[in-house]
file structure38.cif (mmCIF, C-alpha atoms)
data_input
loop_
_atom_site.label_atom_id
_atom_site.label_comp_id
_atom_site.auth_asym_id
_atom_site.auth_seq_id
_atom_site.Cartn_x
_atom_site.Cartn_y
_atom_site.Cartn_z
CA MET S 1 21.60 75.31 23.45
CA GLU S 2 19.90 75.87 26.81
CA ALA S 3 16.66 77.65 26.02
CA THR S 4 14.99 78.33 29.38
CA LEU S 5 15.70 80.65 32.27
CA PRO S 6 17.76 78.98 35.03
CA LEU S 7 15.75 76.45 37.08
CA THR S 8 12.52 77.35 35.26
CA THR S 9 10.55 76.33 32.17
CA THR S 10 10.29 79.93 30.93
CA PRO S 11 11.59 80.14 27.32
CA SER S 12 14.61 82.38 26.78
CA GLN S 13 15.53 81.75 23.13
CA GLN S 14 13.85 84.90 21.84
CA ASP S 15 17.02 86.89 22.62
CA TRP S 16 19.51 84.76 20.71
CA GLU S 17 17.62 82.43 18.32
CA PRO S 18 17.27 85.06 15.54
CA ILE S 19 21.07 85.26 15.42
CA LEU S 20 21.36 81.50 14.78
CA LEU S 21 18.61 81.51 12.19
CA ALA S 22 20.24 84.43 10.41
CA GLN S 23 23.48 82.42 10.20
CA GLY S 24 21.73 79.60 8.35
CA TYR S 25 20.92 77.25 11.20
CA LEU S 26 17.61 75.34 11.28
CA PHE S 27 15.59 74.57 14.40
CA ALA S 28 15.44 70.79 14.82
CA ALA S 29 14.08 69.79 18.25
CA PHE S 30 13.37 70.89 21.83
CA ASN S 31 13.57 68.57 24.86
CA GLY S 32 12.11 70.92 27.45
CA LEU S 33 15.49 72.45 28.37
CA ASN S 34 17.68 72.59 25.24
CA ARG S 35 16.92 73.56 21.64
CA PHE S 36 18.82 71.71 18.90
CA TYR S 37 19.81 73.23 15.56
CA LEU S 38 21.30 71.91 12.30
CA ARG S 39 23.23 73.70 9.61
CA GLU S 40 21.42 74.46 6.36
CA ASP S 41 23.50 71.87 4.49
CA LEU S 42 22.17 69.17 6.88
CA ARG S 43 18.51 69.90 6.22
CA ASP S 44 18.00 66.31 4.97
CA ARG S 45 18.71 65.04 8.50
CA LEU S 46 16.05 67.07 10.30
CA ASP S 47 13.74 64.05 10.46
CA ARG S 48 16.26 62.23 12.63
CA LEU S 49 15.65 64.74 15.41
CA ALA S 50 11.93 65.11 14.90
CA THR S 51 11.14 62.37 17.46
CA PRO S 52 12.82 62.48 20.90
CA ILE S 53 14.71 59.46 22.21
CA ASN S 54 12.23 56.71 23.11
CA VAL S 55 11.98 53.00 23.87
CA PHE S 56 11.84 52.10 20.19
CA ASP S 57 15.43 53.25 19.77
CA HIS S 58 16.47 50.14 21.77
CA PHE S 59 19.01 52.18 23.68
CA VAL S 60 20.69 50.91 26.85
CA PRO S 61 21.43 53.43 29.63
CA HIS S 62 25.12 54.01 30.25
CA GLU S 63 24.76 52.97 33.90
CA VAL S 64 23.41 49.57 32.83
CA VAL S 65 26.23 49.07 30.34
CA VAL S 66 28.80 49.89 33.01
CA GLN S 67 27.18 47.44 35.46
CA HIS S 68 27.13 44.68 32.83
CA GLU S 69 30.79 45.24 32.07
CA ARG S 70 31.57 45.23 35.79
CA VAL S 71 29.71 41.93 36.27
CA GLU S 72 31.55 40.34 33.36
CA ASP S 73 34.87 41.54 34.72
CA LEU S 74 34.06 40.16 38.19
CA GLN S 75 33.02 36.87 36.66
CA ARG S 76 36.33 36.61 34.82
CA GLN S 77 38.22 37.43 38.02
CA LEU S 78 36.21 34.84 39.95
CA ALA S 79 36.93 32.23 37.32
CA CYS S 80 40.67 32.98 37.52
CA VAL S 81 40.62 32.78 41.31
CA GLN S 82 38.72 29.53 41.28
CA GLU S 83 41.12 28.05 38.75
CA ARG S 84 44.12 29.16 40.81
CA MET S 85 42.58 27.75 43.99
CA ALA S 86 41.91 24.45 42.25
CA LEU S 87 45.55 24.28 41.12
CA GLU S 88 47.02 25.39 44.44
CA ARG S 89 44.69 23.66 46.85
CA LEU S 90 46.60 22.18 49.77
CA PRO S 91 45.67 19.21 51.93
CA HIS S 92 43.60 20.09 54.95
CA ASP S 93 46.40 19.68 57.49
CA GLU S 94 48.83 21.84 55.51
CA PHE S 95 46.19 24.50 55.13
CA HIS S 96 45.52 24.38 58.87
CA ARG S 97 49.24 24.78 59.69
CA ALA S 98 49.49 27.67 57.27
CA TRP S 99 46.48 29.30 58.90
CA GLU S 100 48.00 28.90 62.38
CA GLN S 101 51.27 30.40 61.17
CA GLU S 102 49.39 33.31 59.64
CA GLN S 103 47.50 33.78 62.90
CA ALA S 104 50.74 33.82 64.89
CA THR S 105 52.25 36.33 62.48
CA TRP S 106 49.19 38.51 62.80
CA GLU S 107 49.38 38.40 66.61
CA GLN S 108 53.06 39.37 66.48
CA GLU S 109 52.29 42.25 64.17
CA GLN S 110 49.45 43.27 66.46
CA ALA S 111 51.75 43.28 69.48
CA ALA S 112 54.39 45.25 67.57
CA TRP S 113 51.74 47.75 66.48
CA GLU S 114 50.55 48.16 70.08
CA GLN S 115 54.12 48.77 71.23
CA GLU S 116 54.62 51.31 68.49
CA GLN S 117 51.37 53.01 69.42
CA ALA S 118 52.43 53.16 73.08
CA ALA S 119 55.80 54.65 72.09
CA TRP S 120 54.04 57.19 69.89
CA GLU S 121 51.70 58.12 72.74
CA GLN S 122 54.66 58.57 75.08
CA GLU S 123 56.42 60.74 72.52
CA ARG S 124 53.25 62.77 72.02
CA ARG S 125 52.98 63.41 75.76
CA ALA S 126 56.64 64.42 75.93
CA THR S 127 56.09 66.80 73.04
CA ALA S 128 53.04 68.25 74.78
CA ARG S 129 55.05 68.80 77.97
CA GLU S 130 57.87 70.40 76.03
CA ARG S 131 55.41 72.63 74.24
CA ALA S 132 53.80 73.66 77.54
CA ASP S 133 57.25 74.42 79.00
CA TRP S 134 58.14 76.47 75.93
CA GLN S 135 54.86 78.35 76.20
CA ALA S 136 55.56 79.11 79.87
CA ARG S 137 59.04 80.38 79.00
CA LEU S 138 57.61 82.49 76.21
CA THR S 139 55.04 83.96 78.59
CA ALA S 140 57.77 84.76 81.13
CA PHE S 141 59.87 86.34 78.39
CA GLU S 142 56.93 88.47 77.25
CA ALA S 143 56.35 89.61 80.83
CA GLU S 144 60.05 90.42 81.24
CA ARG S 145 60.05 92.32 77.97
CA ALA S 146 56.97 94.31 79.04
CA ASP S 147 58.66 95.13 82.37
CA TRP S 148 61.80 96.19 80.55
CA ALA S 149 59.71 98.40 78.26
CA ARG S 150 58.07 100.05 81.30
CA ARG S 151 61.46 100.63 82.93
CA ARG S 152 62.86 102.05 79.71
CA LYS S 153 59.89 104.38 79.38
CA ALA S 154 60.36 105.57 82.99
CA PHE S 155 64.08 106.11 82.33
CA GLU S 156 63.32 108.10 79.17
CA GLU S 157 60.77 110.20 81.06
CA HIS S 158 63.31 110.84 83.85
CA SER S 159 65.99 111.73 81.28
CA ALA S 160 63.60 114.10 79.58
CA CYS S 161 62.84 115.73 82.95
CA LEU S 162 66.56 116.17 83.73
CA GLN S 163 67.13 117.55 80.23
CA GLY S 164 64.35 120.06 80.79
CA ARG S 165 65.81 121.11 84.14
CA LEU S 166 69.27 121.43 82.58
CA GLU S 167 67.95 123.62 79.78
CA ALA S 168 66.07 125.79 82.33
CA THR S 169 69.27 126.19 84.40
CA GLN S 170 71.23 127.11 81.30
CA ARG S 171 68.66 129.77 80.45
CA GLN S 172 68.96 131.19 83.99
CA LEU S 173 72.77 131.26 83.78
CA ARG S 174 72.80 132.96 80.37
CA PRO S 175 72.84 136.57 81.81
CA TYR S 176 75.70 135.68 84.19
CA ARG S 177 77.71 134.25 81.32
CA LEU S 178 77.23 137.50 79.44
CA LEU S 179 78.50 139.49 82.47
CA ASP S 180 81.43 137.10 82.79
CA CYS S 181 82.31 137.69 79.16
CA LEU S 182 82.35 141.47 79.83
CA GLY S 183 84.63 141.02 82.89
CA MET S 184 82.09 142.43 85.30
CA VAL S 185 82.01 139.31 87.46
CA SER S 186 85.75 139.52 88.19
CA VAL S 187 85.46 143.25 89.01
CA GLY S 188 82.52 142.56 91.32
CA TYR S 189 84.51 139.90 93.16
CA GLY S 190 87.41 142.37 93.60
CA TRP S 191 85.20 145.10 95.06
CA ALA S 192 83.56 142.53 97.34
CA ARG S 193 86.96 141.47 98.78
CA LYS S 194 87.99 145.08 99.37
CA LEU S 195 84.67 145.83 101.05
CA LYS S 196 85.05 142.78 103.25
CA GLN S 197 88.55 143.85 104.32
CA TRP S 198 87.32 147.35 105.09
CA LEU S 199 84.31 146.15 107.08
CA VAL S 200 86.09 143.36 108.92
CA PRO S 201 88.98 144.68 111.17
#

call {"tool": "encode", "arguments": {"input": "structure38.cif", "output": "structure tokens"}}
result
Amino acid sequence: MEATLPLTTTPSQQDWEPILLAQGYLFAAFNGLNRFYLREDLRDRLDRLATPINVFDHFVPHEVVVQHERVEDLQRQLACVQERMALERLPHDEFHRAWEQEQATWEQEQAAWEQEQAAWEQERRATARERADWQARLTAFEAERADWARRRKAFEEHSACLQGRLEATQRQLRPYRLLDCLGMVSVGYGWARKLKQWLVP
């Protein structure tokens, strides 16, 4: 178990080691970072951990083993390739013709790739133009929508103004409607006509 504070050499096992010891574990070794413990029933193996790993253990680092295996694998591959080349070796003139044919094929593929790249570039430019045109149309639409919103707001304000004026007029006409309901307006008109006839010869 890690027995030091993070990124330091300060011991930290005093907080948890008593718990392990109370459970029957025995301290076996410390490598500067980790402390190793064995169960009580493995006490006879404590001496195996008494000495840290050293040169007398004749160990081979994992990286070296991997490199050796890689070298052996490459050697086997090289041997197979060399054997195949020995079996399939062609006369010099046939090899030269094959090389020229391969070169011609490569040049054709190169030309085809260049054509494809040019077509892709042309398509990319067309897409860019289409995108710019779409962006311009979107901008125009946004401007038109903003103008429509302004016009709608002005119309709503004008409608609200007319509604207010209508309500004010209705409030002013309310007394006259009451008089009309009582028949006083018709009587007033009658007296006005009689007065006009009397005043005008």

call {"tool": "atom_distance", "arguments": {"input": "structure38.cif", "atom1": "atom CA of S:Leu46", "atom2": "atom CA of S:Asn31"}}
result
14.8 Å

call {"tool": "residues_around", "arguments": {"input": "structure38.cif", "residues": "stretch 16-19 of chain S", "least_positions_apart": "5", "cutoff": "12 Å", "atoms": "all atoms listed in the file", "output": "PyMOL selection string"}}
result
chain S and resi 1-4+11+24-27+35-37

call {"tool": "atom_distance", "arguments": {"input": "structure38.cif", "atom1": "atom CA of S:Ser12", "atom2": "atom CA of S:Phe30"}}
result
12.6 Å

call {"tool": "residues_around", "arguments": {"input": "structure38.cif", "residues": "S:Arg48", "least_positions_apart": "2", "cutoff": "12 Å", "atoms": "all atoms listed in the file", "output": "ChimeraX atom specification"}}
result
/S:28-29,36-38,42-46,50-53,57

call {"tool": "atom_distance", "arguments": {"input": "structure38.cif", "atom1": "atom CA of S:Pro6", "atom2": "atom CA of S:Gly32"}}
result
12.4 Å

call {"tool": "decode", "arguments": {"input": "structure38.cif", "residues": "stretch 6-135 of chain S", "atoms": "C-alpha atoms", "output": "mmCIF file, in the first residue's frame"}}
result
data_model
loop_
_atom_site.group_PDB
_atom_site.id
_atom_site.type_symbol
_atom_site.label_atom_id
_atom_site.label_comp_id
_atom_site.auth_asym_id
_atom_site.auth_seq_id
_atom_site.Cartn_x
_atom_site.Cartn_y
_atom_site.Cartn_z
ATOM 1 C CA PRO S 6 1.428 12.421 -2.459
ATOM 2 C CA LEU S 7 4.651 13.485 -4.226
ATOM 3 C CA THR S 8 6.613 13.473 -0.950
ATOM 4 C CA THR S 9 8.644 11.088 1.201
ATOM 5 C CA THR S 10 6.645 11.923 4.342
ATOM 6 C CA PRO S 11 5.296 8.684 5.908
ATOM 7 C CA SER S 12 1.520 8.379 6.102
ATOM 8 C CA GLN S 13 0.982 4.822 7.355
ATOM 9 C CA GLN S 14 0.385 5.851 10.960
ATOM 10 C CA ASP S 15 -3.306 6.453 10.156
ATOM 11 C CA TRP S 16 -4.113 3.068 8.649
ATOM 12 C CA GLU S 17 -1.324 0.579 9.517
ATOM 13 C CA PRO S 18 -2.748 -0.277 12.985
ATOM 14 C CA ILE S 19 -5.918 -1.486 11.239
ATOM 15 C CA LEU S 20 -3.933 -3.935 9.084
ATOM 16 C CA LEU S 21 -1.856 -5.160 11.996
ATOM 17 C CA ALA S 22 -4.993 -5.694 14.055
ATOM 18 C CA GLN S 23 -6.393 -7.877 11.255
ATOM 19 C CA GLY S 24 -3.400 -10.203 11.432
ATOM 20 C CA TYR S 25 -1.204 -8.782 8.692
ATOM 21 C CA LEU S 26 2.593 -8.605 9.123
ATOM 22 C CA PHE S 27 4.814 -5.800 7.849
ATOM 23 C CA ALA S 28 7.222 -7.264 5.283
ATOM 24 C CA ALA S 29 9.065 -4.539 3.353
ATOM 25 C CA PHE S 30 9.152 -0.864 2.325
ATOM 26 C CA ASN S 31 10.523 0.395 -1.013
ATOM 27 C CA GLY S 32 10.410 4.111 -0.285
ATOM 28 C CA LEU S 33 6.830 4.532 -1.563
ATOM 29 C CA ASN S 34 4.851 1.369 -0.775
ATOM 30 C CA ARG S 35 4.702 -0.839 2.318
ATOM 31 C CA PHE S 36 4.160 -4.578 1.769
ATOM 32 C CA TYR S 37 2.302 -6.859 4.175
ATOM 33 C CA LEU S 38 1.733 -10.625 4.475
ATOM 34 C CA ARG S 39 -1.003 -12.546 6.189
ATOM 35 C CA GLU S 40 -0.168 -14.240 9.480
ATOM 36 C CA ASP S 41 -0.375 -17.688 7.867
ATOM 37 C CA LEU S 42 2.419 -16.649 5.447
ATOM 38 C CA ARG S 43 4.879 -15.662 8.152
ATOM 39 C CA ASP S 44 7.378 -18.268 6.873
ATOM 40 C CA ARG S 45 7.734 -16.247 3.646
ATOM 41 C CA LEU S 46 8.737 -12.958 5.241
ATOM 42 C CA ASP S 47 12.404 -13.569 4.416
ATOM 43 C CA ARG S 48 11.583 -13.495 0.709
ATOM 44 C CA LEU S 49 10.696 -9.815 1.002
ATOM 45 C CA ALA S 50 13.426 -8.862 3.425
ATOM 46 C CA THR S 51 15.821 -7.876 0.605
ATOM 47 C CA PRO S 52 14.573 -5.562 -2.187
ATOM 48 C CA ILE S 53 14.939 -6.575 -5.824
ATOM 49 C CA ASN S 54 18.608 -6.407 -6.827
ATOM 50 C CA VAL S 55 21.062 -7.528 -9.498
ATOM 51 C CA PHE S 56 21.537 -10.912 -7.855
ATOM 52 C CA ASP S 57 17.959 -11.828 -8.715
ATOM 53 C CA HIS S 58 19.082 -12.056 -12.377
ATOM 54 C CA PHE S 59 15.924 -10.321 -13.491
ATOM 55 C CA VAL S 60 15.494 -8.893 -16.995
ATOM 56 C CA PRO S 61 13.527 -5.641 -17.384
ATOM 57 C CA HIS S 62 10.263 -6.018 -19.261
ATOM 58 C CA GLU S 63 11.345 -3.455 -21.864
ATOM 59 C CA VAL S 64 14.411 -5.558 -22.710
ATOM 60 C CA VAL S 65 12.331 -8.721 -23.016
ATOM 61 C CA VAL S 66 9.911 -6.967 -25.352
ATOM 62 C CA GLN S 67 12.789 -5.663 -27.506
ATOM 63 C CA HIS S 68 14.362 -9.136 -27.704
ATOM 64 C CA GLU S 69 11.056 -10.641 -28.770
ATOM 65 C CA ARG S 70 10.624 -7.873 -31.335
ATOM 66 C CA VAL S 71 14.107 -8.506 -32.764
ATOM 67 C CA GLU S 72 13.451 -12.228 -33.014
ATOM 68 C CA ASP S 73 10.139 -11.592 -34.744
ATOM 69 C CA LEU S 74 11.778 -9.196 -37.223
ATOM 70 C CA GLN S 75 14.507 -11.715 -37.885
ATOM 71 C CA ARG S 76 11.924 -14.390 -38.669
ATOM 72 C CA GLN S 77 10.073 -11.986 -40.971
ATOM 73 C CA LEU S 78 13.323 -11.050 -42.710
ATOM 74 C CA ALA S 79 14.189 -14.700 -43.206
ATOM 75 C CA CYS S 80 10.762 -15.353 -44.745
ATOM 76 C CA VAL S 81 11.098 -12.354 -47.054
ATOM 77 C CA GLN S 82 14.560 -13.361 -48.132
ATOM 78 C CA GLU S 83 13.403 -16.905 -48.824
ATOM 79 C CA ARG S 84 10.445 -15.642 -50.844
ATOM 80 C CA MET S 85 12.673 -13.262 -52.798
ATOM 81 C CA ALA S 86 15.097 -16.078 -53.544
ATOM 82 C CA LEU S 87 12.232 -18.233 -54.851
ATOM 83 C CA GLU S 88 10.551 -15.461 -56.823
ATOM 84 C CA ARG S 89 13.571 -13.612 -58.131
ATOM 85 C CA LEU S 90 13.070 -12.569 -61.746
ATOM 86 C CA PRO S 91 15.696 -11.977 -64.407
ATOM 87 C CA HIS S 92 16.966 -8.436 -64.559
ATOM 88 C CA ASP S 93 15.102 -7.460 -67.718
ATOM 89 C CA GLU S 94 11.765 -8.787 -66.436
ATOM 90 C CA PHE S 95 12.269 -6.957 -63.180
ATOM 91 C CA HIS S 96 13.049 -3.758 -65.093
ATOM 92 C CA ARG S 97 9.875 -4.080 -67.208
ATOM 93 C CA ALA S 98 7.830 -4.711 -64.097
ATOM 94 C CA TRP S 99 9.343 -1.635 -62.479
ATOM 95 C CA GLU S 100 8.537 0.515 -65.525
ATOM 96 C CA GLN S 101 4.961 -0.769 -65.538
ATOM 97 C CA GLU S 102 4.646 0.004 -61.843
ATOM 98 C CA GLN S 103 6.041 3.485 -62.479
ATOM 99 C CA ALA S 104 3.520 4.093 -65.262
ATOM 100 C CA THR S 105 0.695 2.886 -63.044
ATOM 101 C CA TRP S 106 1.852 5.185 -60.282
ATOM 102 C CA GLU S 107 1.946 8.156 -62.667
ATOM 103 C CA GLN S 108 -1.580 7.366 -63.855
ATOM 104 C CA GLU S 109 -2.797 7.138 -60.290
ATOM 105 C CA GLN S 110 -1.024 10.405 -59.527
ATOM 106 C CA ALA S 111 -2.730 12.130 -62.454
ATOM 107 C CA ALA S 112 -6.110 10.709 -61.434
ATOM 108 C CA TRP S 113 -5.544 11.879 -57.865
ATOM 109 C CA GLU S 114 -4.662 15.385 -59.084
ATOM 110 C CA GLN S 115 -7.823 15.484 -61.188
ATOM 111 C CA GLU S 116 -9.877 14.341 -58.244
ATOM 112 C CA GLN S 117 -8.252 16.967 -56.046
ATOM 113 C CA ALA S 118 -9.018 19.677 -58.625
ATOM 114 C CA ALA S 119 -12.643 18.528 -58.816
ATOM 115 C CA TRP S 120 -12.863 18.548 -55.036
ATOM 116 C CA GLU S 121 -11.409 22.061 -54.908
ATOM 117 C CA GLN S 122 -13.935 23.240 -57.493
ATOM 118 C CA GLU S 123 -16.762 21.663 -55.521
ATOM 119 C CA ARG S 124 -15.468 23.257 -52.327
ATOM 120 C CA ARG S 125 -15.458 26.690 -53.957
ATOM 121 C CA ALA S 126 -18.977 26.168 -55.284
ATOM 122 C CA THR S 127 -20.103 25.150 -51.815
ATOM 123 C CA ALA S 128 -18.444 28.244 -50.349
ATOM 124 C CA ARG S 129 -20.233 30.471 -52.884
ATOM 125 C CA GLU S 130 -23.541 28.778 -52.176
ATOM 126 C CA ARG S 131 -22.990 29.197 -48.466
ATOM 127 C CA ALA S 132 -22.162 32.900 -48.910
ATOM 128 C CA ASP S 133 -25.303 33.359 -51.040
ATOM 129 C CA TRP S 134 -27.394 31.586 -48.411
ATOM 130 C CA GLN S 135 -25.885 33.765 -45.695
#
